[in-house]
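Enquirer: This is the structure I have questions about; it appears just below.
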Amino acid sequence: MADREEEEVKLLPIAAGIAAVITMPGGSALHAQDLPQWVLQLSRIKRQAKAELLRLPNFACLETINRFQRYPGSEVFKPLDTVRLDVAFVEGKELVSSAGGAGGFQEMDMRTVGRGGVIGTGAFAAVARNLFVNDNGRTTGWAEERILERPALRYDFVIAEMLAGYTVTSGGAVAKVGIEGTFWADAETLELLRVEEHAVDIPSSLGIQGTSTTVTYARTRIGASDVLLPRSAETVIVNLDGWRGRNAIEFTGCREYVADSVIRFDSVDPPPPAPPAKKK
């Protein structure tokens, strides 16, 4: 199980806004127009992604999780089950409820949702917000690639354990871990396309060799606006004994989330029934 929270502290990131003049060792000045193109593009991508995420309305989607597992010695992932949840992003928090449930959204303990396999939170909102809103990543490399049938800019990043807000649970053992990953943006529009992250320095006491999460983004209609939301995600966990769990996740039916309040003025004791009308 993997859970993500949002942290506010920052670790020497390449900031979303770059100063017009940067002082170099020896006192020389490097102007913005002299910066490498990839740095300028990174700045614009991060500013654009942050603006997109901050303008999101409160919304909810149906999250369908198809869970698979592969035992040591096998090359085939076999279906385990399908879990359906309503997941919402409300006032900066990711909340869940049982699909179609009447209990309302809450910060649910995901261990109560399904037995065995892999389960977790964070793919819906926390992954991108930690990277672009809180600006907790440190960029380590870049490249030009092609994904989703379009030219893309790739940036590798790391997030330290104290900033990642990433908790891995296995059995009774719990540990906070750091993250290494990659994100891609459209080379022309600079719109976020995909984020992939891997947990690092997982304690051996958890019995987990590695975890990874990949989230793919697309434009979705919410109310009167087209906003950038997760379209699908995949989570994979590999245990030290060779067992693998994989979740294929889809987000559908997204809509604006509005909480309705109803005030009732019912009396404690209902009034007595009216006497029957007398016959004339």
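Chain lettering (A, B, ...) mirrors the order of the structure tokens, residue numbering begins at 1 for each chain separately, and ligand numbering begins at 1 in order of display.
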Tell me which protein, DNA and RNA residues are within 9 Å of Gly92 in chain A, counting only C-alpha atoms, leaving out same-chain ones fewer than 6 positions away, and put them as a ChimeraX atom specification.
Expert: /A:54,58,125
Enquirer: With a distance cut-off of 8 Å and only C-alpha atoms, select the neighbouring residues of Thr211 in chain A, excluding the residue or stretch itself and same-chain residues fewer than 6 positions from it, and output the selection as a PDB file with N, CA, C and O atoms, in the first residue's frame.
Expert:
```
ATOM      1  N   HIS A 198       9.229   6.502  -8.974  1.00  0.00           N
ATOM      2  CA  HIS A 198       9.670   5.263  -8.349  1.00  0.00           C
ATOM      3  C   HIS A 198      10.113   5.558  -6.918  1.00  0.00           C
ATOM      4  O   HIS A 198      10.815   6.551  -6.679  1.00  0.00           O
ATOM      5  N   ALA A 199       9.708   4.718  -5.985  1.00  0.00           N
ATOM      6  CA  ALA A 199      10.168   4.862  -4.613  1.00  0.00           C
ATOM      7  C   ALA A 199      11.623   4.425  -4.517  1.00  0.00           C
ATOM      8  O   ALA A 199      12.046   3.472  -5.176  1.00  0.00           O
ATOM      9  N   THR A 235       0.010   1.367 -11.238  1.00  0.00           N
ATOM     10  CA  THR A 235       0.886   1.184 -10.085  1.00  0.00           C
ATOM     11  C   THR A 235       1.404  -0.242 -10.086  1.00  0.00           C
ATOM     12  O   THR A 235       0.635  -1.184 -10.286  1.00  0.00           O
ATOM     13  N   VAL A 236       2.712  -0.389  -9.861  1.00  0.00           N
ATOM     14  CA  VAL A 236       3.331  -1.715  -9.811  1.00  0.00           C
ATOM     15  C   VAL A 236       4.178  -1.814  -8.544  1.00  0.00           C
ATOM     16  O   VAL A 236       4.934  -0.883  -8.224  1.00  0.00           O
ATOM     17  N   ILE A 237       4.044  -2.915  -7.827  1.00  0.00           N
ATOM     18  CA  ILE A 237       4.871  -3.200  -6.656  1.00  0.00           C
ATOM     19  C   ILE A 237       5.517  -4.568  -6.840  1.00  0.00           C
ATOM     20  O   ILE A 237       4.840  -5.530  -7.229  1.00  0.00           O
ATOM     21  N   VAL A 238       6.818  -4.637  -6.567  1.00  0.00           N
ATOM     22  CA  VAL A 238       7.570  -5.886  -6.667  1.00  0.00           C
ATOM     23  C   VAL A 238       8.125  -6.222  -5.289  1.00  0.00           C
ATOM     24  O   VAL A 238       8.835  -5.404  -4.682  1.00  0.00           O
TER      25      VAL A 238
END
```
Enquirer: From the options A:Gly181, A:Gly73, A:Pro230, A:Gly253, which residue's atoms come nearest to Ile159 in chain A, counting only C-alpha atoms?
Expert: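 Among the listed residues, A:Gly181 lies closest to Ile159 in chain A.
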Enquirer: Could you pull the residues within 8 Å of Glu161 in chain A, counting only C-alpha atoms, minus those fewer than 2 positions along the same chain, as a tab-separated table (two decimals) with N, CA and C atoms, in the first residue's frame?
Expert:
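Wrote it out as part-v8.tsv, contents follow:
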```
chain	number	residue	atom	x	y	z
A	159	ILE	N	12.91	13.64	-5.48
A	159	ILE	CA	12.30	14.30	-4.33
A	159	ILE	C	12.79	13.57	-3.08
A	163	LEU	N	10.47	15.36	1.82
A	163	LEU	CA	9.57	16.20	1.04
A	163	LEU	C	8.55	15.39	0.23
A	164	ALA	N	8.83	14.10	0.03
A	164	ALA	CA	8.01	13.32	-0.90
A	164	ALA	C	6.61	13.06	-0.38
A	165	GLY	N	6.43	12.97	0.94
A	165	GLY	CA	5.11	12.65	1.49
A	165	GLY	C	4.61	11.30	1.05
A	166	TYR	N	5.53	10.35	0.81
A	166	TYR	CA	5.21	9.04	0.24
A	166	TYR	C	5.44	7.98	1.32
A	176	LYS	N	8.52	5.92	5.33
A	176	LYS	CA	8.49	7.04	4.40
A	176	LYS	C	9.71	6.92	3.48
A	177	VAL	N	9.52	7.14	2.18
A	177	VAL	CA	10.58	6.92	1.22
A	177	VAL	C	10.71	8.14	0.30
A	178	GLY	N	11.86	8.22	-0.39
A	178	GLY	CA	12.07	9.25	-1.38
A	178	GLY	C	11.58	8.81	-2.75
A	179	ILE	N	11.67	9.70	-3.72
A	179	ILE	CA	11.14	9.44	-5.06
A	179	ILE	C	12.16	9.86	-6.12
```
